[in-house]
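> Structure: model-v9.cif, mmCIF, C-alpha atoms and all ligand atoms.
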```
data_query
#
loop_
_atom_site.label_atom_id
_atom_site.label_comp_id
_atom_site.auth_asym_id
_atom_site.auth_seq_id
_atom_site.Cartn_x
_atom_site.Cartn_y
_atom_site.Cartn_z
CA MET A 1 -24.36 18.05 12.99
CA THR A 2 -20.84 19.42 12.86
CA HIS A 3 -18.38 18.11 10.32
CA ALA A 4 -16.11 15.59 11.97
CA LEU A 5 -13.32 16.13 9.48
CA ASP A 6 -11.65 19.19 8.05
CA GLU A 7 -11.93 19.71 4.32
CA PRO A 8 -8.48 18.36 3.25
CA THR A 9 -9.02 15.22 5.32
CA ARG A 10 -12.52 14.79 3.93
CA LEU A 11 -11.18 15.02 0.37
CA ALA A 12 -8.33 12.63 1.16
CA MET A 13 -10.77 10.11 2.61
CA ARG A 14 -13.03 10.43 -0.39
CA GLU A 15 -10.05 9.64 -2.59
CA ALA A 16 -9.15 6.68 -0.38
CA LEU A 17 -12.73 5.41 -0.73
CA GLN A 18 -12.56 5.75 -4.50
CA ASP A 19 -9.25 3.87 -4.66
CA LEU A 20 -10.60 1.15 -2.42
CA ALA A 21 -13.81 0.83 -4.44
CA GLU A 22 -11.80 0.45 -7.64
CA ARG A 23 -9.48 -2.11 -6.11
CA LEU A 24 -12.33 -4.19 -4.70
CA SER A 25 -14.32 -3.98 -7.94
CA SER A 26 -11.43 -5.30 -10.00
CA LEU A 27 -10.87 -8.02 -7.40
CA LEU A 28 -14.46 -9.14 -7.96
CA THR A 29 -14.01 -9.04 -11.72
CA ASN A 30 -10.76 -11.00 -11.54
CA THR A 31 -12.20 -13.76 -9.38
CA GLU A 32 -15.51 -14.02 -11.20
CA SER A 33 -14.75 -17.01 -13.40
CA ALA A 34 -13.03 -18.92 -10.60
CA ALA A 35 -16.18 -18.54 -8.50
CA GLN A 36 -18.33 -20.25 -11.10
CA GLN A 37 -19.47 -23.82 -10.57
CA VAL A 38 -16.59 -26.33 -10.46
CA PRO A 39 -16.66 -28.22 -13.74
CA LEU A 40 -16.59 -31.97 -13.43
CA LYS A 41 -13.11 -32.83 -14.62
CA GLU A 42 -12.49 -36.08 -16.38
CA ASN A 43 -10.44 -38.44 -14.23
CA ALA A 44 -10.45 -35.99 -11.33
CA SER A 45 -10.20 -37.82 -8.07
CA ARG A 46 -12.90 -37.33 -5.49
CA LEU A 47 -10.32 -35.82 -3.18
CA SER A 48 -9.04 -33.22 -5.63
CA ARG A 49 -12.61 -32.29 -6.46
CA MET A 50 -13.39 -31.80 -2.78
CA ASP A 51 -10.25 -29.74 -2.49
CA GLU A 52 -11.37 -27.59 -5.37
CA MET A 53 -14.83 -27.15 -3.90
CA HIS A 54 -13.30 -26.17 -0.59
CA ASN A 55 -11.07 -23.56 -2.22
CA GLN A 56 -14.04 -22.29 -4.13
CA SER A 57 -16.16 -21.90 -1.02
CA ILE A 58 -13.39 -19.81 0.54
CA LEU A 59 -13.20 -17.73 -2.62
CA ARG A 60 -16.98 -17.23 -2.57
CA ALA A 61 -16.93 -16.21 1.07
CA ASN A 62 -14.18 -13.70 0.29
CA ARG A 63 -16.20 -12.35 -2.61
CA THR A 64 -19.20 -11.87 -0.31
CA VAL A 65 -17.01 -9.94 2.14
CA THR A 66 -15.74 -7.83 -0.77
CA ARG A 67 -19.26 -7.14 -2.04
CA ASN A 68 -20.37 -6.12 1.46
CA ARG A 69 -17.38 -3.80 1.74
CA LEU A 70 -18.29 -2.22 -1.59
CA MET A 71 -21.82 -1.60 -0.32
CA ALA A 72 -20.40 -0.05 2.86
CA ILE A 73 -18.16 2.14 0.68
CA GLN A 74 -21.18 3.35 -1.29
CA LYS A 75 -22.85 4.33 1.98
CA ALA A 76 -19.65 6.07 3.09
CA PHE A 77 -19.75 8.19 -0.09
CA GLY A 78 -23.24 9.29 0.94
CA ARG A 79 -21.96 10.27 4.38
CA ILE A 80 -19.11 12.23 2.79
CA GLU A 81 -21.72 14.15 0.80
CA ASP A 82 -24.00 14.87 3.75
CA GLY A 83 -21.13 15.72 6.09
CA SER A 84 -21.70 12.90 8.54
CA TYR A 85 -18.66 10.95 7.38
CA GLY A 86 -16.16 10.27 10.16
CA THR A 87 -18.85 10.40 12.83
CA CYS A 88 -19.84 7.17 14.55
CA LEU A 89 -23.43 6.25 13.64
CA GLU A 90 -23.92 4.75 17.08
CA CYS A 91 -22.48 7.22 19.62
CA LEU A 92 -22.01 10.24 17.30
CA GLU A 93 -18.40 10.64 18.44
CA ALA A 94 -15.67 11.18 15.85
CA ILE A 95 -14.16 7.97 14.50
CA ALA A 96 -10.39 7.99 15.08
CA LEU A 97 -8.52 8.95 11.93
CA PRO A 98 -6.16 5.94 11.98
CA ARG A 99 -9.26 3.73 11.95
CA LEU A 100 -10.71 5.64 9.00
CA LYS A 101 -7.43 5.32 7.17
CA ALA A 102 -7.37 1.56 7.76
CA TYR A 103 -11.10 1.15 7.01
CA PRO A 104 -12.29 4.16 5.01
CA GLU A 105 -15.80 2.67 4.90
CA ALA A 106 -16.05 2.46 8.72
CA SER A 107 -19.37 3.79 10.04
CA LEU A 108 -18.74 2.97 13.70
CA CYS A 109 -15.98 3.92 16.10
CA LEU A 110 -13.86 1.09 17.42
CA ALA A 111 -15.69 0.97 20.78
CA CYS A 112 -19.15 0.71 19.16
CA LYS A 113 -17.90 -1.80 16.61
CA ALA A 114 -16.47 -3.95 19.40
CA ALA A 115 -19.68 -3.59 21.42
CA GLY A 116 -21.72 -4.65 18.40
CA GLU A 117 -19.61 -7.74 17.88
CA ALA A 118 -19.87 -8.77 21.51
CA THR A 119 -23.65 -9.06 21.37
ZN ZN B 1 -19.22 4.96 18.55
#
```
Can the structure in the file be given as structure tokens, please?


Amino acid sequence: MTHALDEPTRLAMREALQDLAERLSSLLTNTESAAQQVPLKENASRLSRMDEMHNQSILRANRTVTRNRLMAIQKAFGRIEDGSYGTCLECLEAIALPRLKAYPEASLCLACKAAGEAT
């Protein structure tokens, strides 16, 4: 397999992945306590408690997305090491650089990603 990216780009993307991993990790740390079970507040109305639970479910969903992204980032580090980074896992074409810059953890090109979502 040929390297999809030249060396400077590969290093830049590795740095972008590291930055992203750090940012997402601290996001998880910062939202950890808020994601814990809603404590039953004294005198809290049923409505405000439902509101709080709703907000919390959104927060939890976001945290799941963040955790999944972190896992994808770990896999991307592996692809940087083995030289397959930047190549679509599906069609083996190069993933467009603007896409990699927007989603450094991307493992599929836009076309394959879109095809995967359609099914
Ligand atoms: Zn593809």

> Could the residues that lie within 7 Å of ligand ZN 1 (chain B), counting all atoms listed in the file, be listed as a PyMOL selection string?

chain A and resi 88-93+108-112

> Given the selection you just returned, output its residues as a file containing C-alpha atoms, formatted as a PDB file, in the frame of the given file.


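selection-v5.pdb, written as the output of this step:
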```pdb
ATOM      1  CA  CYS A  88     -19.840   7.170  14.550  1.00  0.00           C
ATOM      2  CA  LEU A  89     -23.430   6.250  13.640  1.00  0.00           C
ATOM      3  CA  GLU A  90     -23.920   4.750  17.080  1.00  0.00           C
ATOM      4  CA  CYS A  91     -22.480   7.220  19.620  1.00  0.00           C
ATOM      5  CA  LEU A  92     -22.010  10.240  17.300  1.00  0.00           C
ATOM      6  CA  GLU A  93     -18.400  10.640  18.440  1.00  0.00           C
ATOM      7  CA  LEU A 108     -18.740   2.970  13.700  1.00  0.00           C
ATOM      8  CA  CYS A 109     -15.980   3.920  16.100  1.00  0.00           C
ATOM      9  CA  LEU A 110     -13.860   1.090  17.420  1.00  0.00           C
ATOM     10  CA  ALA A 111     -15.690   0.970  20.780  1.00  0.00           C
ATOM     11  CA  CYS A 112     -19.150   0.710  19.160  1.00  0.00           C
TER      12      CYS A 112
END
```

> With distances taken over only C-alpha atoms, which of A:Arg14, A:Arg23, A:Lys75, A:Arg60 is nearest to Gln36 of chain A?

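Result for the nearest residue to Gln36 of chain A: A:Arg60.
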
> A:Met13, A:Ala61, A:Leu5, A:Ala35: which is nearest Ala94 of chain A, counting only C-alpha atoms?

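Checking each of A:Met13, A:Ala61, A:Leu5, A:Ala35 against Ala94 of chain A, counting only C-alpha atoms, the winner is A:Leu5.
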
> I'd like the interatomic distance between atom CA of Leu20 of chain A and atom CA of Glu105 of chain A, to a tenth of an Å.

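Those two atoms sit 9.1 Å apart.
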
> Could you check how far atom CA of Gln56 of chain A sits from atom CA of Thr31 of chain A, in Å to one decimal?

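Distance reported for this atom pair: 10.2 Å.
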
> Would you work out the distance separating atom CA of Thr66 of chain A from atom CA of Leu28 of chain A, expressed in Å to one decimal?

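These atoms are spaced 7.4 Å apart.
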
> Excluding Arg69 of chain A and residues on its chain fewer than 3 positions from it, collect all residues at most 9 Å away from it, counting only C-alpha atoms, and give them as JSON, numbers by chain.

{"A": [21, 24, 64, 65, 66, 72, 73, 74, 105]}

> Taking the point (-7.0, 7.1, 8.9) as given in the file, collect each protein or nucleic acid residue that comes within 10 Å of it, counting all atoms listed in the file, and present the set as a PDB file with C-alpha atoms, in the frame of the given file.


```
ATOM      1  CA  THR A   9      -9.020  15.220   5.320  1.00  0.00           C
ATOM      2  CA  ALA A  12      -8.330  12.630   1.160  1.00  0.00           C
ATOM      3  CA  MET A  13     -10.770  10.110   2.610  1.00  0.00           C
ATOM      4  CA  ALA A  16      -9.150   6.680  -0.380  1.00  0.00           C
ATOM      5  CA  GLY A  86     -16.160  10.270  10.160  1.00  0.00           C
ATOM      6  CA  ILE A  95     -14.160   7.970  14.500  1.00  0.00           C
ATOM      7  CA  ALA A  96     -10.390   7.990  15.080  1.00  0.00           C
ATOM      8  CA  LEU A  97      -8.520   8.950  11.930  1.00  0.00           C
ATOM      9  CA  PRO A  98      -6.160   5.940  11.980  1.00  0.00           C
ATOM     10  CA  ARG A  99      -9.260   3.730  11.950  1.00  0.00           C
ATOM     11  CA  LEU A 100     -10.710   5.640   9.000  1.00  0.00           C
ATOM     12  CA  LYS A 101      -7.430   5.320   7.170  1.00  0.00           C
ATOM     13  CA  ALA A 102      -7.370   1.560   7.760  1.00  0.00           C
ATOM     14  CA  TYR A 103     -11.100   1.150   7.010  1.00  0.00           C
ATOM     15  CA  PRO A 104     -12.290   4.160   5.010  1.00  0.00           C
TER      16      PRO A 104
END
```

> A:Arg63, A:Arg46, A:Lys113, A:Arg10: which is nearest Glu32 of chain A, counting all atoms listed in the file?

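Closest to Glu32 of chain A of all the choices is A:Arg63.
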